[in-house]
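Take a look at the structure set out below.
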Amino acid sequence: MQLGGESTLVTLPVETMLLTLMFPAREAMKRMRSGVRMLFLSLLVLPACLAVKAVSAADAPELPSVKQSPEVLAAMRQVHAGFKGQAGYVAQFGDSITYSMAFWSAMSWDDPDKYLPADDGLPQKPGDRRWKDVILGARDKGGKFANYSGWRVGQLLKSVDEVLQRERPEYAIIMIGTNDISGGKLPANYEQDLQQVVQKCLDAHCIPILNTIPPRQGKDDAVAAANTVIRKTAEQMSVPLADFHAACVRLRPGDSWQNSIISKDGVHPSGGKTNVYTVENMQNCGYALRNWVNFLALRELYFAVQTK
């Protein structure tokens, strides 16, 4: 075979020309075979990776129980017997940790039942309905709904009457105290005012769900004092308790809740995927954790009190 023009003539054997033309194709085939081998090895390794992940999930910490005592459920049946308000409406009473849209609003657009265990003794769904259709008021935020930034128990006490009369809620989630302890100690009026908030709910045949306040950086003693009062109030008044603080320290022991469940400001729960209730996510999204413990409490009350 000849290549070149009139002034240059190069003669190559046919075998050499064929090898020259075949080289790019041969190189491509070599690379393709290498890629196939890598894919095959990846498929071999994948089951091992999945097995490691499964072990990690099995070792994940469990949340403390949010089940209410038989005495509390019996007391709430009596309260609910006189209820003639807005079925399914859940009032949200509290400070900025409640005022935030990261808290509870996910109940209006997503259903949490897919994260429930297969069988824990309660139905997963409210009959043939969806939780987001049953739970009302999830996006009701602001002072007119008795939740706002910076509030203390005294401000909450002055605001709940209007909501109880206007909205006639079936339930009320109550968390207050984080701002009350800003000075490092619990104010003298805190316990009495909190009890009055709870009593106003009971008088309106509204089921209160008390929440403990979360850990706060540099305020361990004051947080403990507030939560002692909250737990004592729940016990003495026989009302439901969703122990958010216990859930925080269970998933993040010691001070590991800082910059994980609690945001960098050391005060507020962290945001993120507030409607994803896996342990892994709730270890890093404080609002998802609070949403979940309150949903579990509400779900039990729905089936043990409301539908009885």
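Within each chain, counting starts at residue 1; across the structure tokens, chains are named A, B, ... in the order shown, with ligands numbered 1 upward in that order.
Residues surrounding Asp180 (chain A) within 10 Å are Gly150, Trp151, Arg152, Val153, Gly154, Ile176, Gly177, Gly183, Gly184, Lys185, Leu186, Pro187, Asn189, Tyr190, Ala222, Val223 and Ala226 of chain A [only C-alpha atoms; sequence separation below 3 positions excluded].
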Which of region 63-298 of chain A fall in helix (DSSP H, G or I), as JSON, numbers by chain: {"A": [70, 71, 72, 73, 74, 75, 76, 77, 78, 79, 80, 81, 96, 97, 98, 99, 105, 106, 107, 108, 112, 113, 114, 115, 131, 132, 133, 134, 143, 144, 145, 153, 154, 155, 156, 157, 158, 159, 160, 161, 162, 163, 164, 165, 166, 190, 191, 192, 193, 194, 195, 196, 197, 198, 199, 200, 201, 202, 203, 220, 221, 222, 223, 224, 225, 226, 227, 228, 229, 230, 231, 232, 233, 234, 235, 236, 244, 245, 246, 247, 248, 249, 250, 251, 279, 280, 281, 282, 286, 287, 288, 289, 290, 291, 292, 293, 294, 295, 296, 297, 298]}
Counting only C-alpha atoms, what is within 10 Å of Ser105 (chain A), bar same-chain residues fewer than 2 positions away, as a PDB file with N, CA and C atoms, in the first residue's frame?
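Below is the file part-v6.pdb, written as the result:
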```pdb
ATOM      1  N   SER A 100     -41.683  28.558  65.433  1.00  0.00           N
ATOM      2  CA  SER A 100     -40.988  28.186  64.200  1.00  0.00           C
ATOM      3  C   SER A 100     -41.842  27.259  63.339  1.00  0.00           C
ATOM      4  N   MET A 101     -41.832  27.507  62.032  1.00  0.00           N
ATOM      5  CA  MET A 101     -42.534  26.631  61.100  1.00  0.00           C
ATOM      6  C   MET A 101     -41.897  25.244  61.033  1.00  0.00           C
ATOM      7  N   ALA A 102     -40.675  25.133  61.547  1.00  0.00           N
ATOM      8  CA  ALA A 102     -40.032  23.816  61.577  1.00  0.00           C
ATOM      9  C   ALA A 102     -40.749  22.880  62.541  1.00  0.00           C
ATOM     10  N   PHE A 103     -41.459  23.461  63.505  1.00  0.00           N
ATOM     11  CA  PHE A 103     -42.214  22.631  64.436  1.00  0.00           C
ATOM     12  C   PHE A 103     -43.639  22.426  63.949  1.00  0.00           C
ATOM     13  N   MET A 107     -46.947  18.279  59.716  1.00  0.00           N
ATOM     14  CA  MET A 107     -48.145  17.448  59.865  1.00  0.00           C
ATOM     15  C   MET A 107     -49.249  17.863  58.899  1.00  0.00           C
ATOM     16  N   SER A 108     -49.134  19.051  58.317  1.00  0.00           N
ATOM     17  CA  SER A 108     -50.160  19.525  57.389  1.00  0.00           C
ATOM     18  C   SER A 108     -49.903  19.081  55.955  1.00  0.00           C
ATOM     19  N   TRP A 109     -48.690  18.585  55.664  1.00  0.00           N
ATOM     20  CA  TRP A 109     -48.389  18.224  54.272  1.00  0.00           C
ATOM     21  C   TRP A 109     -47.717  16.863  54.108  1.00  0.00           C
ATOM     22  N   ASP A 110     -47.476  16.161  55.199  1.00  0.00           N
ATOM     23  CA  ASP A 110     -46.877  14.834  55.081  1.00  0.00           C
ATOM     24  C   ASP A 110     -47.451  13.927  56.159  1.00  0.00           C
ATOM     25  N   LYS A 132     -52.618  13.884  58.025  1.00  0.00           N
ATOM     26  CA  LYS A 132     -52.589  15.294  57.627  1.00  0.00           C
ATOM     27  C   LYS A 132     -53.987  15.855  57.384  1.00  0.00           C
ATOM     28  N   LEU A 136     -55.420  19.311  62.513  1.00  0.00           N
ATOM     29  CA  LEU A 136     -55.706  20.662  62.025  1.00  0.00           C
ATOM     30  C   LEU A 136     -54.879  21.696  62.790  1.00  0.00           C
ATOM     31  N   GLY A 137     -54.678  22.849  62.149  1.00  0.00           N
ATOM     32  CA  GLY A 137     -53.994  23.965  62.804  1.00  0.00           C
ATOM     33  C   GLY A 137     -52.486  23.859  62.841  1.00  0.00           C
ATOM     34  N   ALA A 138     -51.909  22.961  62.048  1.00  0.00           N
ATOM     35  CA  ALA A 138     -50.465  22.717  62.138  1.00  0.00           C
ATOM     36  C   ALA A 138     -49.624  23.914  61.704  1.00  0.00           C
ATOM     37  N   ARG A 139     -50.197  24.807  60.919  1.00  0.00           N
ATOM     38  CA  ARG A 139     -49.450  25.971  60.438  1.00  0.00           C
ATOM     39  C   ARG A 139     -49.884  27.270  61.128  1.00  0.00           C
ATOM     40  N   ASP A 140     -50.620  27.155  62.210  1.00  0.00           N
ATOM     41  CA  ASP A 140     -51.115  28.347  62.910  1.00  0.00           C
ATOM     42  C   ASP A 140     -50.037  28.884  63.846  1.00  0.00           C
ATOM     43  N   LYS A 141     -49.386  29.934  63.398  1.00  0.00           N
ATOM     44  CA  LYS A 141     -48.246  30.490  64.125  1.00  0.00           C
ATOM     45  C   LYS A 141     -48.454  31.972  64.419  1.00  0.00           C
ATOM     46  N   THR A 274     -37.435  18.040  58.605  1.00  0.00           N
ATOM     47  CA  THR A 274     -38.276  17.985  59.800  1.00  0.00           C
ATOM     48  C   THR A 274     -39.399  16.957  59.709  1.00  0.00           C
ATOM     49  N   ASN A 275     -39.552  16.325  58.557  1.00  0.00           N
ATOM     50  CA  ASN A 275     -40.591  15.301  58.381  1.00  0.00           C
ATOM     51  C   ASN A 275     -40.005  13.908  58.183  1.00  0.00           C
ATOM     52  N   ASN A 291     -41.154  16.936  66.621  1.00  0.00           N
ATOM     53  CA  ASN A 291     -42.368  16.573  65.885  1.00  0.00           C
ATOM     54  C   ASN A 291     -42.761  15.124  66.155  1.00  0.00           C
TER      55      ASN A 291
END
```
Region 283-286 of chain A surroundings by only C-alpha atoms, 7 Å radius, close-in-sequence under 2 positions cut, as a list in words: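 Answer for this query is Leu251, Arg252, Ser260, Ile261, Ile262, Pro269, Ser270, Gly271, Gly272, Lys273, Thr274, Val279, Glu280, Asn281, Ala288, Leu289 and Arg290 of chain A.
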Mind running region 64-144 of chain A against region 199-212 of chain A at 8 Å and telling me each contacting residue's nearest atom pair with the distance in Å (one decimal), counting only C-alpha atoms, chain and number ascending, as a tab-separated table?
```
residue	atom	partner	partner_atom	distance
A:Met76	CA	A:Ile207	CA	6.6
A:Val79	CA	A:His205	CA	5.1
A:His80	CA	A:His205	CA	5.6
A:Ala81	CA	A:His205	CA	7.8
A:Gly82	CA	A:His205	CA	5.9
A:Phe83	CA	A:His205	CA	5.1
```
Best match for closeness to Gly121 (chain A) among A:Lys158, A:Arg231, A:Arg299, A:Arg216, counting only C-alpha atoms: A:Arg299
Distance in Å - CA of Gln124 (chain A) versus CA of Ala234 (chain A):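 Value for the CA of Gln124 (chain A)-CA of Ala234 (chain A) distance: 26.2 Å.
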Distance query Ala304 (chain A) at most 10 Å, only C-alpha atoms, self and fewer than 4 positions along chain excluded, as number ranges by chain: A: 68, 70, 73-74, 76-77, 122, 298-300, 308
Given only C-alpha atoms as the counted atoms, nearest of A:Ala246, A:Ala118, A:Ala172, A:Ala297 to Val198 (chain A):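 Comparing A:Ala246, A:Ala118, A:Ala172, A:Ala297 against Val198 (chain A), the winner is A:Ala172.
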Between CA of Asn147 (chain A) and CA of Ala91 (chain A) - distance in Å to one decimal: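 Separation between CA of Ala91 (chain A) and CA of Asn147 (chain A): 9.3 Å.
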Sel. of strand (DSSP E or B) residues, region 79-276 of chain A, as a PyMOL selection string: chain A and resi 86-94+136+142+147+169-175+207-211+241-242+258+262+269
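Between CA of Met175 (chain A) and CA of Asp255 (chain A) lies a distance of 21.6 Å.
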